[in-house]
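Chemist: Have a look at this one.
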Amino acid sequence: MKISSPGSMSGHRINNKEYDYINNMNNNLLKIEKQLYCTNEPDNKTKLKLNNLIFGFINEIENKLKSDHGLTDKLQKKLQILNIKFGMAAIKSGDTDWESFSLAKEVYDNSQLPDYFSLTLDELQTQKITAEERIYAWNCCQYNFAHNLIYTEMPAPENKMQEMFSLYFDQYKMQGISENIAIASANAKIAEKLCQNSFGTEEEGLNSSLFIASRKLNQFYDDYIKCVNPETDMNLILEGEILSEYMSVFIPSEIKKLLKIS
């Protein structure tokens, strides 16, 4: 799912040296957005580098806002606008791994707090950072992260409580499943949930190709785990072949080797 750049600050002229900082930050934001919102999606390595850069700027801006030493209302609002726009860039680049997704969720949750900023609706609309636009950015992040969870080999999160990962992971481990398969199975469960959450209506989610793929993958893992002799179950092998060869989802090599699927 794609989101468009909110762009640099609109209608805010910098007239004296006090606001040089705003100009520099705005230029940094534009450089980041140019890479993030280009026609060709940047690869995960680039996104991770940008994500680290973005959070450096977010922390810097938030420290300035918290210090509140002689900030005029006008300057405070400009900092808040930049903070939200860098936050939206963090959400845009937060779909690569568990850590960046966790940070993106934190940014989104904070932006929904009623006292997070003191901007009017007109100001939010002018800057293209309204609640609806932030929700859309977060939904895109959930969808894209769900895609990565089932189409790539995603390691387990450091914090296994994240998105209830440990609930699924521990259940699989208790059934005697290897760690690699338990991680892939837990990721698939969470991908299905995130994909459904990313759509405005349940019907839209159910009809998406990503949701269909994640649901089929989850059914496959459930069938595999329950099967006593998976290597001789032709229906299971066919399921695996369709998922691996035609839908191109990630399946652990341990399963592919046992079922002799490519």
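The way I read the labels, and the way they are meant: chains A, B, ... in the order of the structure tokens, residue 1 as the first residue of every chain, and ligand 1 as the first ligand shown, with later ones counted on from there.
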Would you please extract all alpha helix (DSSP H) residues from range 118-226 of chain A, as assigned by DSSP on the backbone, and give them as a VMD selection string?
Modeler: chain A and resid 121 to 127 131 to 151 165 to 174 179 to 197 202 to 206 209 to 226
Chemist: Just want the 7 Å neighbourhood of Ile58 in chain A, counted on only C-alpha atoms, with same-chain residues fewer than 3 positions away dropped. Output as a PyMOL selection string.
Modeler: chain A and resi 54-55+61-62+83+86
Chemist: Quick one: residues within 10 Å of range 207-210 of chain A, only C-alpha atoms, excluding same-chain residues fewer than 6 positions away - as a list of chain:residue names?
Modeler: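 Residues near the query, excluding close chain neighbours: A:Tyr143, A:Asn144, A:Ala146, A:His147, A:Ile150, A:Tyr151, A:Ala191, A:Glu192, A:Cys195, A:Gln196, A:Phe199, A:Lys216, A:Met247.
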Chemist: Please dump the current selection as a PDB file, in the first residue's frame; keep N, CA, C and O atoms.
Modeler:
ATOM      1  N   TYR A 143      -0.282  -2.975   6.706  1.00  0.00           N
ATOM      2  CA  TYR A 143      -0.420  -3.825   5.519  1.00  0.00           C
ATOM      3  C   TYR A 143       0.950  -4.249   4.985  1.00  0.00           C
ATOM      4  O   TYR A 143       1.196  -5.424   4.703  1.00  0.00           O
ATOM      5  N   ASN A 144       1.853  -3.277   4.848  1.00  0.00           N
ATOM      6  CA  ASN A 144       3.172  -3.573   4.280  1.00  0.00           C
ATOM      7  C   ASN A 144       4.010  -4.454   5.202  1.00  0.00           C
ATOM      8  O   ASN A 144       4.771  -5.303   4.738  1.00  0.00           O
ATOM      9  N   ALA A 146       2.697  -6.660   7.293  1.00  0.00           N
ATOM     10  CA  ALA A 146       2.069  -7.973   7.153  1.00  0.00           C
ATOM     11  C   ALA A 146       2.608  -8.685   5.912  1.00  0.00           C
ATOM     12  O   ALA A 146       2.873  -9.890   5.932  1.00  0.00           O
ATOM     13  N   HIS A 147       2.776  -7.928   4.839  1.00  0.00           N
ATOM     14  CA  HIS A 147       3.342  -8.489   3.599  1.00  0.00           C
ATOM     15  C   HIS A 147       4.743  -9.039   3.861  1.00  0.00           C
ATOM     16  O   HIS A 147       5.071 -10.162   3.449  1.00  0.00           O
ATOM     17  N   ILE A 150       4.954 -12.496   5.788  1.00  0.00           N
ATOM     18  CA  ILE A 150       4.681 -13.789   5.141  1.00  0.00           C
ATOM     19  C   ILE A 150       5.508 -14.018   3.866  1.00  0.00           C
ATOM     20  O   ILE A 150       5.617 -15.160   3.412  1.00  0.00           O
ATOM     21  N   TYR A 151       6.092 -12.954   3.321  1.00  0.00           N
ATOM     22  CA  TYR A 151       6.853 -13.136   2.086  1.00  0.00           C
ATOM     23  C   TYR A 151       8.372 -13.141   2.295  1.00  0.00           C
ATOM     24  O   TYR A 151       9.115 -13.412   1.352  1.00  0.00           O
ATOM     25  N   ALA A 191       0.362 -11.608  10.757  1.00  0.00           N
ATOM     26  CA  ALA A 191       0.181 -10.983   9.440  1.00  0.00           C
ATOM     27  C   ALA A 191      -1.296 -10.956   9.049  1.00  0.00           C
ATOM     28  O   ALA A 191      -1.794  -9.939   8.538  1.00  0.00           O
ATOM     29  N   GLU A 192      -1.985 -12.040   9.288  1.00  0.00           N
ATOM     30  CA  GLU A 192      -3.419 -12.104   8.958  1.00  0.00           C
ATOM     31  C   GLU A 192      -4.194 -11.044   9.740  1.00  0.00           C
ATOM     32  O   GLU A 192      -5.042 -10.343   9.188  1.00  0.00           O
ATOM     33  N   CYS A 195      -3.204  -7.455   8.496  1.00  0.00           N
ATOM     34  CA  CYS A 195      -3.780  -7.204   7.177  1.00  0.00           C
ATOM     35  C   CYS A 195      -5.255  -6.824   7.306  1.00  0.00           C
ATOM     36  O   CYS A 195      -5.711  -5.850   6.699  1.00  0.00           O
ATOM     37  N   GLN A 196      -5.983  -7.570   8.121  1.00  0.00           N
ATOM     38  CA  GLN A 196      -7.403  -7.276   8.308  1.00  0.00           C
ATOM     39  C   GLN A 196      -7.589  -5.915   8.984  1.00  0.00           C
ATOM     40  O   GLN A 196      -8.482  -5.150   8.620  1.00  0.00           O
ATOM     41  N   PHE A 199      -7.566  -2.474   6.778  1.00  0.00           N
ATOM     42  CA  PHE A 199      -8.643  -2.081   5.870  1.00  0.00           C
ATOM     43  C   PHE A 199      -9.775  -1.418   6.638  1.00  0.00           C
ATOM     44  O   PHE A 199     -10.015  -1.704   7.805  1.00  0.00           O
ATOM     45  N   LYS A 216      -4.411 -18.735   3.880  1.00  0.00           N
ATOM     46  CA  LYS A 216      -4.026 -20.033   3.327  1.00  0.00           C
ATOM     47  C   LYS A 216      -2.741 -20.545   3.988  1.00  0.00           C
ATOM     48  O   LYS A 216      -2.604 -21.738   4.267  1.00  0.00           O
ATOM     49  N   MET A 247       2.330 -18.863  -5.016  1.00  0.00           N
ATOM     50  CA  MET A 247       2.014 -17.678  -4.220  1.00  0.00           C
ATOM     51  C   MET A 247       3.285 -17.033  -3.657  1.00  0.00           C
ATOM     52  O   MET A 247       3.250 -15.914  -3.157  1.00  0.00           O
TER      53      MET A 247
END
Chemist: Have a look at A:Lys66, A:Lys31, A:Lys189, A:Lys78 and name the one nearest to Gln171 in chain A; count only C-alpha atoms.
Modeler: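 With only C-alpha atoms as the atom set, the closest residue is A:Lys189.
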Chemist: Just checking: using only C-alpha atoms, which residue out of A:Ser118, A:Asn218, A:Asn229, A:Asn180 ends up closest to Leu75 in chain A?
Modeler: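 Residue with the minimum atom-to-atom distance to Leu75 in chain A: A:Ser118.
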